[in-house]
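Participant: To be precise about what I am sending: the file is called my_file.pdb and holds PDB, C-alpha atoms, pLDDT in the B column.
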```pdb
ATOM      1  CA  MET H1337     -25.973 -12.461  23.531  1.00 50.00           C
ATOM      2  CA  THR H1338     -26.059  -8.839  22.348  1.00 68.00           C
ATOM      3  CA  ILE H1339     -25.239  -8.052  18.765  1.00 85.00           C
ATOM      4  CA  ASP H1340     -24.759  -4.417  17.773  1.00 89.00           C
ATOM      5  CA  THR H1341     -24.728  -3.052  14.231  1.00 93.00           C
ATOM      6  CA  PHE H1342     -23.799   0.346  12.841  1.00 95.00           C
ATOM      7  CA  GLU H1343     -23.041   1.822   9.418  1.00 97.00           C
ATOM      8  CA  LYS H1344     -20.381   4.265   8.285  1.00 97.00           C
ATOM      9  CA  PHE H1345     -19.869   5.910   4.902  1.00 98.00           C
ATOM     10  CA  THR H1346     -16.586   6.881   3.268  1.00 97.00           C
ATOM     11  CA  LYS H1347     -15.749   8.645   0.019  1.00 98.00           C
ATOM     12  CA  ALA H1348     -12.955   6.088  -0.443  1.00 97.00           C
ATOM     13  CA  SER H1349     -13.375   3.186  -2.849  1.00 96.00           C
ATOM     14  CA  ARG H1350     -14.271  -0.228  -1.476  1.00 96.00           C
ATOM     15  CA  LYS H1351     -10.783  -1.524  -2.288  1.00 95.00           C
ATOM     16  CA  LYS H1352      -9.055   1.420  -0.562  1.00 96.00           C
ATOM     17  CA  ILE H1353     -11.001   1.195   2.735  1.00 97.00           C
ATOM     18  CA  PHE H1354     -10.751  -2.609   2.686  1.00 96.00           C
ATOM     19  CA  ASP H1355      -6.967  -2.394   2.209  1.00 95.00           C
ATOM     20  CA  VAL H1356      -6.686   0.022   5.149  1.00 96.00           C
ATOM     21  CA  ILE H1357      -8.822  -2.092   7.503  1.00 96.00           C
ATOM     22  CA  THR H1358      -6.917  -5.260   6.616  1.00 95.00           C
ATOM     23  CA  ASN H1359      -3.444  -3.722   7.015  1.00 96.00           C
ATOM     24  CA  TYR H1360      -2.938  -5.140  10.527  1.00 96.00           C
ATOM     25  CA  ASP H1361       0.748  -4.137  10.654  1.00 94.00           C
ATOM     26  CA  ALA H1362      -0.261  -0.473  10.549  1.00 96.00           C
ATOM     27  CA  TYR H1363      -2.912  -0.511  13.314  1.00 96.00           C
ATOM     28  CA  GLN H1364      -0.402   0.432  15.989  1.00 95.00           C
ATOM     29  CA  LYS H1365       0.967   3.285  13.859  1.00 96.00           C
ATOM     30  CA  TRP H1366      -2.397   4.678  12.730  1.00 96.00           C
ATOM     31  CA  ILE H1367      -4.428   4.353  15.931  1.00 95.00           C
ATOM     32  CA  PRO H1368      -2.145   3.620  18.899  1.00 95.00           C
ATOM     33  CA  GLN H1369      -4.832   4.878  21.288  1.00 95.00           C
ATOM     34  CA  HIS H1370      -6.827   1.728  20.401  1.00 94.00           C
ATOM     35  CA  PHE H1371      -3.996  -0.646  19.387  1.00 96.00           C
ATOM     36  CA  PRO H1372      -0.911  -0.108  21.586  1.00 96.00           C
ATOM     37  CA  SER H1373       0.600  -3.408  20.387  1.00 96.00           C
ATOM     38  CA  VAL H1374      -0.003  -5.638  17.344  1.00 96.00           C
ATOM     39  CA  ARG H1375       2.004  -8.706  16.354  1.00 97.00           C
ATOM     40  CA  ILE H1376       1.222 -10.898  13.355  1.00 97.00           C
ATOM     41  CA  ILE H1377       1.584 -14.571  14.243  1.00 97.00           C
ATOM     42  CA  SER H1378       0.772 -16.266  10.924  1.00 97.00           C
ATOM     43  CA  VAL H1379      -0.552 -15.419   7.479  1.00 96.00           C
ATOM     44  CA  ARG H1380      -2.481 -17.710   5.145  1.00 94.00           C
ATOM     45  CA  SER H1381      -4.223 -16.888   1.866  1.00 89.00           C
ATOM     46  CA  HIS H1382      -7.464 -15.574   3.428  1.00 93.00           C
ATOM     47  CA  ALA H1383      -6.705 -15.689   7.164  1.00 97.00           C
ATOM     48  CA  THR H1384      -4.250 -13.932   9.452  1.00 97.00           C
ATOM     49  CA  LEU H1385      -3.673 -14.675  13.149  1.00 98.00           C
ATOM     50  CA  VAL H1386      -2.761 -11.559  15.123  1.00 97.00           C
ATOM     51  CA  GLU H1387      -1.916 -10.937  18.782  1.00 97.00           C
ATOM     52  CA  GLU H1388      -3.536  -7.603  19.613  1.00 96.00           C
ATOM     53  CA  HIS H1389      -3.592  -5.341  22.623  1.00 96.00           C
ATOM     54  CA  ARG H1390      -6.807  -3.351  22.185  1.00 92.00           C
ATOM     55  CA  ILE H1391      -8.047  -0.484  24.314  1.00 90.00           C
ATOM     56  CA  ILE H1392     -11.839  -0.725  24.456  1.00 86.00           C
ATOM     57  CA  ALA H1393     -13.953   1.357  26.844  1.00 81.00           C
ATOM     58  CA  GLY H1394     -10.792   2.428  28.658  1.00 84.00           C
ATOM     59  CA  THR H1395      -9.749  -1.165  29.368  1.00 85.00           C
ATOM     60  CA  GLU H1396      -6.866  -3.021  27.740  1.00 89.00           C
ATOM     61  CA  PHE H1397      -7.821  -6.352  26.207  1.00 90.00           C
ATOM     62  CA  VAL H1398      -5.141  -8.799  25.103  1.00 93.00           C
ATOM     63  CA  VAL H1399      -6.635 -10.986  22.386  1.00 94.00           C
ATOM     64  CA  MET H1400      -5.625 -13.499  19.772  1.00 97.00           C
ATOM     65  CA  ALA H1401      -7.588 -12.411  16.709  1.00 97.00           C
ATOM     66  CA  LYS H1402      -8.170 -14.451  13.576  1.00 98.00           C
ATOM     67  CA  HIS H1403      -8.849 -12.078  10.659  1.00 97.00           C
ATOM     68  CA  VAL H1404     -10.636 -13.681   7.691  1.00 97.00           C
ATOM     69  CA  VAL H1405     -11.100 -11.826   4.398  1.00 96.00           C
ATOM     70  CA  ASN H1406     -13.365 -12.352   1.408  1.00 91.00           C
ATOM     71  CA  ASP H1407     -11.831 -10.327  -1.450  1.00 85.00           C
ATOM     72  CA  SER H1408     -12.821  -6.683  -0.891  1.00 83.00           C
ATOM     73  CA  LEU H1409     -16.343  -7.584   0.216  1.00 92.00           C
ATOM     74  CA  MET H1410     -16.044  -8.684   3.854  1.00 97.00           C
ATOM     75  CA  HIS H1411     -13.604  -8.764   6.765  1.00 97.00           C
ATOM     76  CA  GLU H1412     -14.334 -10.867   9.840  1.00 98.00           C
ATOM     77  CA  THR H1413     -12.445 -10.844  13.121  1.00 97.00           C
ATOM     78  CA  PHE H1414     -12.833 -13.770  15.502  1.00 98.00           C
ATOM     79  CA  PHE H1415     -11.338 -13.412  18.997  1.00 96.00           C
ATOM     80  CA  VAL H1416     -10.054 -16.967  19.390  1.00 96.00           C
ATOM     81  CA  GLY H1417      -8.223 -16.357  22.659  1.00 94.00           C
ATOM     82  CA  GLY H1418      -7.645 -13.854  25.409  1.00 91.00           C
ATOM     83  CA  ASP H1419      -9.766 -11.348  27.299  1.00 89.00           C
ATOM     84  CA  ALA H1420     -12.690 -11.257  24.868  1.00 90.00           C
ATOM     85  CA  LYS H1421     -12.590 -14.839  23.547  1.00 92.00           C
ATOM     86  CA  GLY H1422     -15.693 -15.681  21.527  1.00 93.00           C
ATOM     87  CA  SER H1423     -16.229 -12.119  20.267  1.00 93.00           C
ATOM     88  CA  HIS H1424     -16.860 -11.650  16.561  1.00 96.00           C
ATOM     89  CA  ILE H1425     -16.759  -8.532  14.359  1.00 96.00           C
ATOM     90  CA  THR H1426     -17.918  -8.415  10.736  1.00 97.00           C
ATOM     91  CA  GLU H1427     -17.354  -5.519   8.333  1.00 97.00           C
ATOM     92  CA  LYS H1428     -19.175  -5.616   4.989  1.00 98.00           C
ATOM     93  CA  PHE H1429     -18.175  -3.222   2.217  1.00 97.00           C
ATOM     94  CA  ASP H1430     -20.743  -2.063  -0.352  1.00 97.00           C
ATOM     95  CA  GLN H1431     -19.539   0.182  -3.185  1.00 96.00           C
ATOM     96  CA  THR H1432     -21.901   3.063  -3.980  1.00 96.00           C
ATOM     97  CA  PRO H1433     -21.673   5.683  -6.760  1.00 96.00           C
ATOM     98  CA  THR H1434     -20.073   8.139  -4.299  1.00 96.00           C
ATOM     99  CA  GLY H1435     -17.983   5.869  -2.069  1.00 97.00           C
ATOM    100  CA  THR H1436     -18.393   2.860   0.202  1.00 97.00           C
ATOM    101  CA  LEU H1437     -20.955   1.924   2.831  1.00 98.00           C
ATOM    102  CA  ILE H1438     -19.409  -0.089   5.670  1.00 98.00           C
ATOM    103  CA  THR H1439     -21.780  -2.167   7.796  1.00 97.00           C
ATOM    104  CA  VAL H1440     -20.229  -3.329  11.061  1.00 97.00           C
ATOM    105  CA  THR H1441     -21.751  -6.062  13.217  1.00 96.00           C
ATOM    106  CA  ILE H1442     -20.254  -6.677  16.658  1.00 94.00           C
ATOM    107  CA  ASP H1443     -20.818  -9.537  19.071  1.00 93.00           C
ATOM    108  CA  PHE H1444     -18.538  -8.405  21.906  1.00 89.00           C
ATOM    109  CA  LYS H1445     -17.985 -10.814  24.804  1.00 86.00           C
ATOM    110  CA  PRO H1446     -15.640  -9.463  27.474  1.00 78.00           C
ATOM    111  CA  LYS H1447     -14.703 -11.710  30.378  1.00 67.00           C
ATOM    112  CA  LEU H1448     -17.394 -11.991  33.032  1.00 60.00           C
ATOM    113  CA  SER H1449     -15.173 -10.307  35.607  1.00 52.00           C
ATOM    114  CA  MET H1450     -14.950  -7.239  33.364  1.00 54.00           C
ATOM    115  CA  LYS H1451     -18.714  -7.123  32.891  1.00 52.00           C
ATOM    116  CA  LEU H1452     -19.308  -7.399  36.638  1.00 48.00           C
ATOM    117  CA  SER H1453     -16.747  -4.747  37.515  1.00 47.00           C
ATOM    118  CA  GLY H1454     -18.573  -2.218  35.365  1.00 48.00           C
ATOM    119  CA  LEU H1455     -15.444  -1.512  33.345  1.00 51.00           C
ATOM    120  CA  VAL H1456     -17.206  -2.300  30.096  1.00 51.00           C
ATOM    121  CA  GLY H1457     -20.556  -0.721  29.344  1.00 49.00           C
ATOM    122  CA  LYS H1458     -22.398  -1.271  26.104  1.00 49.00           C
ATOM    123  CA  PRO H1459     -22.525   2.372  24.993  1.00 55.00           C
ATOM    124  CA  LYS H1460     -18.812   2.972  25.633  1.00 74.00           C
ATOM    125  CA  HIS H1461     -17.497  -0.145  23.903  1.00 76.00           C
ATOM    126  CA  LEU H1462     -19.795   0.400  20.929  1.00 82.00           C
ATOM    127  CA  GLN H1463     -18.631   4.023  20.655  1.00 86.00           C
ATOM    128  CA  ASP H1464     -14.994   2.863  20.688  1.00 89.00           C
ATOM    129  CA  PHE H1465     -15.631   0.404  17.850  1.00 92.00           C
ATOM    130  CA  GLU H1466     -17.249   3.243  15.868  1.00 93.00           C
ATOM    131  CA  ASN H1467     -14.249   5.492  16.633  1.00 93.00           C
ATOM    132  CA  ILE H1468     -11.884   2.823  15.296  1.00 94.00           C
ATOM    133  CA  ILE H1469     -13.801   2.687  11.989  1.00 96.00           C
ATOM    134  CA  ASP H1470     -13.787   6.514  11.853  1.00 96.00           C
ATOM    135  CA  GLU H1471      -9.991   6.493  12.208  1.00 96.00           C
ATOM    136  CA  PHE H1472      -9.644   3.924   9.408  1.00 97.00           C
ATOM    137  CA  ILE H1473     -11.873   6.106   7.207  1.00 97.00           C
ATOM    138  CA  LYS H1474      -9.606   9.124   7.847  1.00 96.00           C
ATOM    139  CA  VAL H1475      -6.587   7.092   6.709  1.00 96.00           C
ATOM    140  CA  ALA H1476      -8.412   5.811   3.592  1.00 96.00           C
ATOM    141  CA  GLU H1477      -9.549   9.296   2.574  1.00 95.00           C
ATOM    142  CA  ILE H1478      -6.061  10.835   2.678  1.00 89.00           C
TER     143      ILE H1478
END
```
Translate the structure described by the file into structure tokens.
Facilitator:
Amino acid sequence: MTIDTFEKFTKASRKKIFDVITNYDAYQKWIPQHFPSVRIISVRSHATLVEEHRIIAGTEFVVMAKHVVNDSLMHETFFVGGDAKGSHITEKFDQTPTGTLITVTIDFKPKLSMKLSGLVGKPKHLQDFENIIDEFIKVAEI
């Protein structure tokens, strides 16, 4: 099991960046190069089930993602079905005097066949996750 962590900083408030990252309906509009298709299946008070087509490391993954939120402090994504079932992403949001520090932890588990084929390499998938956060930051800072 490989867990990767990275940090990003934004001038946006914690609430603003959190609202952008948890606006699942807009993923396809804002970053279609990473989310060519997004469909919300169900919404509960702190959890949303979403069917997502994600492009990661040049490969399309079809996943059922359960998004769980904790106010504006944390957003967790659990891949409960599909091509990367068992993967888990956590984003923590810490307000600072000049913006928000986002700490992202990724436990990415592509299907074994994708690992063996060489389609998914650690540096490339990690870079794509960082690029996704960068795109969300651009939206939040507008």
Participant: Which value, in Å to one decimal, gives the distance between atom CA of H:Asp1361 and atom CA of H:Val1374?
Facilitator: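 Between atom CA of H:Asp1361 and atom CA of H:Val1374 the gap is 6.9 Å.
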Participant: Would you kindly translate the PyMOL selection byres ((chain H and resi 1412) around 7) into the concrete residues it picks from this file, as a list of chain:residue names?
Facilitator: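 Here the PyMOL selection byres ((chain H and resi 1412) around 7) matches H:His1403, H:Val1404, H:Val1405, H:Met1410, H:His1411, H:Thr1413, H:Phe1414, H:Ile1425, H:Thr1426, H:Glu1427.
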Participant: If the PyMOL selection byres ((chain H and resi 1408) around 8) were run on this exact file, what residues would it hold? Put them as a ChimeraX atom specification.
Facilitator: /H:1350-1351,1354-1355,1405-1407,1409-1411,1429
Participant: In Å, how far is it from atom CA of H:Glu1388 to atom CA of H:Asn1467?
Facilitator: 17.2 Å
Participant: Considering only C-alpha atoms, state which residue in the set H:Phe1465, H:His1424, H:Phe1472, H:Ile1357 is at the smallest distance from H:Arg1390.
Facilitator: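 For H:Arg1390, the nearest of the candidates is H:Phe1465.
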Participant: Convert the output of the PyMOL selection byres ((chain H and resi 1464) around 12) on the shown file into explicit residues, formatted as a VMD selection string.
Facilitator: chain H and resid 1367 1369 to 1371 1390 to 1395 1442 1444 1456 to 1463 1465 to 1471
Participant: What does the distance between atom CA of H:Val1379 and atom CA of H:Asn1359 come to in Å, to one decimal place?
Facilitator: 12.1 Å
Participant: Residues near H:Lys1352, anyone? I mean within 10 Å using only C-alpha atoms, not counting same-chain ones fewer than 3 positions away, as an MDAnalysis selection string.
Facilitator: chainID H and resid 1347:1349 1355:1357 1408 1436 1473 1475:1477
Participant: Taking all atoms listed in the file into account, which of H:Thr1432, H:Thr1384, H:Thr1346, H:Thr1358 comes nearest H:Phe1415?
Facilitator: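 Once distances to H:Phe1415 are computed over all atoms listed in the file, the minimum belongs to H:Thr1384.
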Participant: Compare H:Ala1420, H:Val1399, H:Ala1383, H:Ala1362 by their minimum atom-to-atom distance to H:Lys1445, counting only C-alpha atoms, and give me the closest one.
Facilitator: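 Ranked by minimum distance to H:Lys1445, first place goes to H:Ala1420.
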Participant: For H:Arg1375, which of H:Glu1396, H:Gly1435, H:Asp1443, H:Ala1401 is the closest residue, counting all atoms listed in the file?
Facilitator: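 Smallest separation from H:Arg1375 among the options: H:Ala1401.
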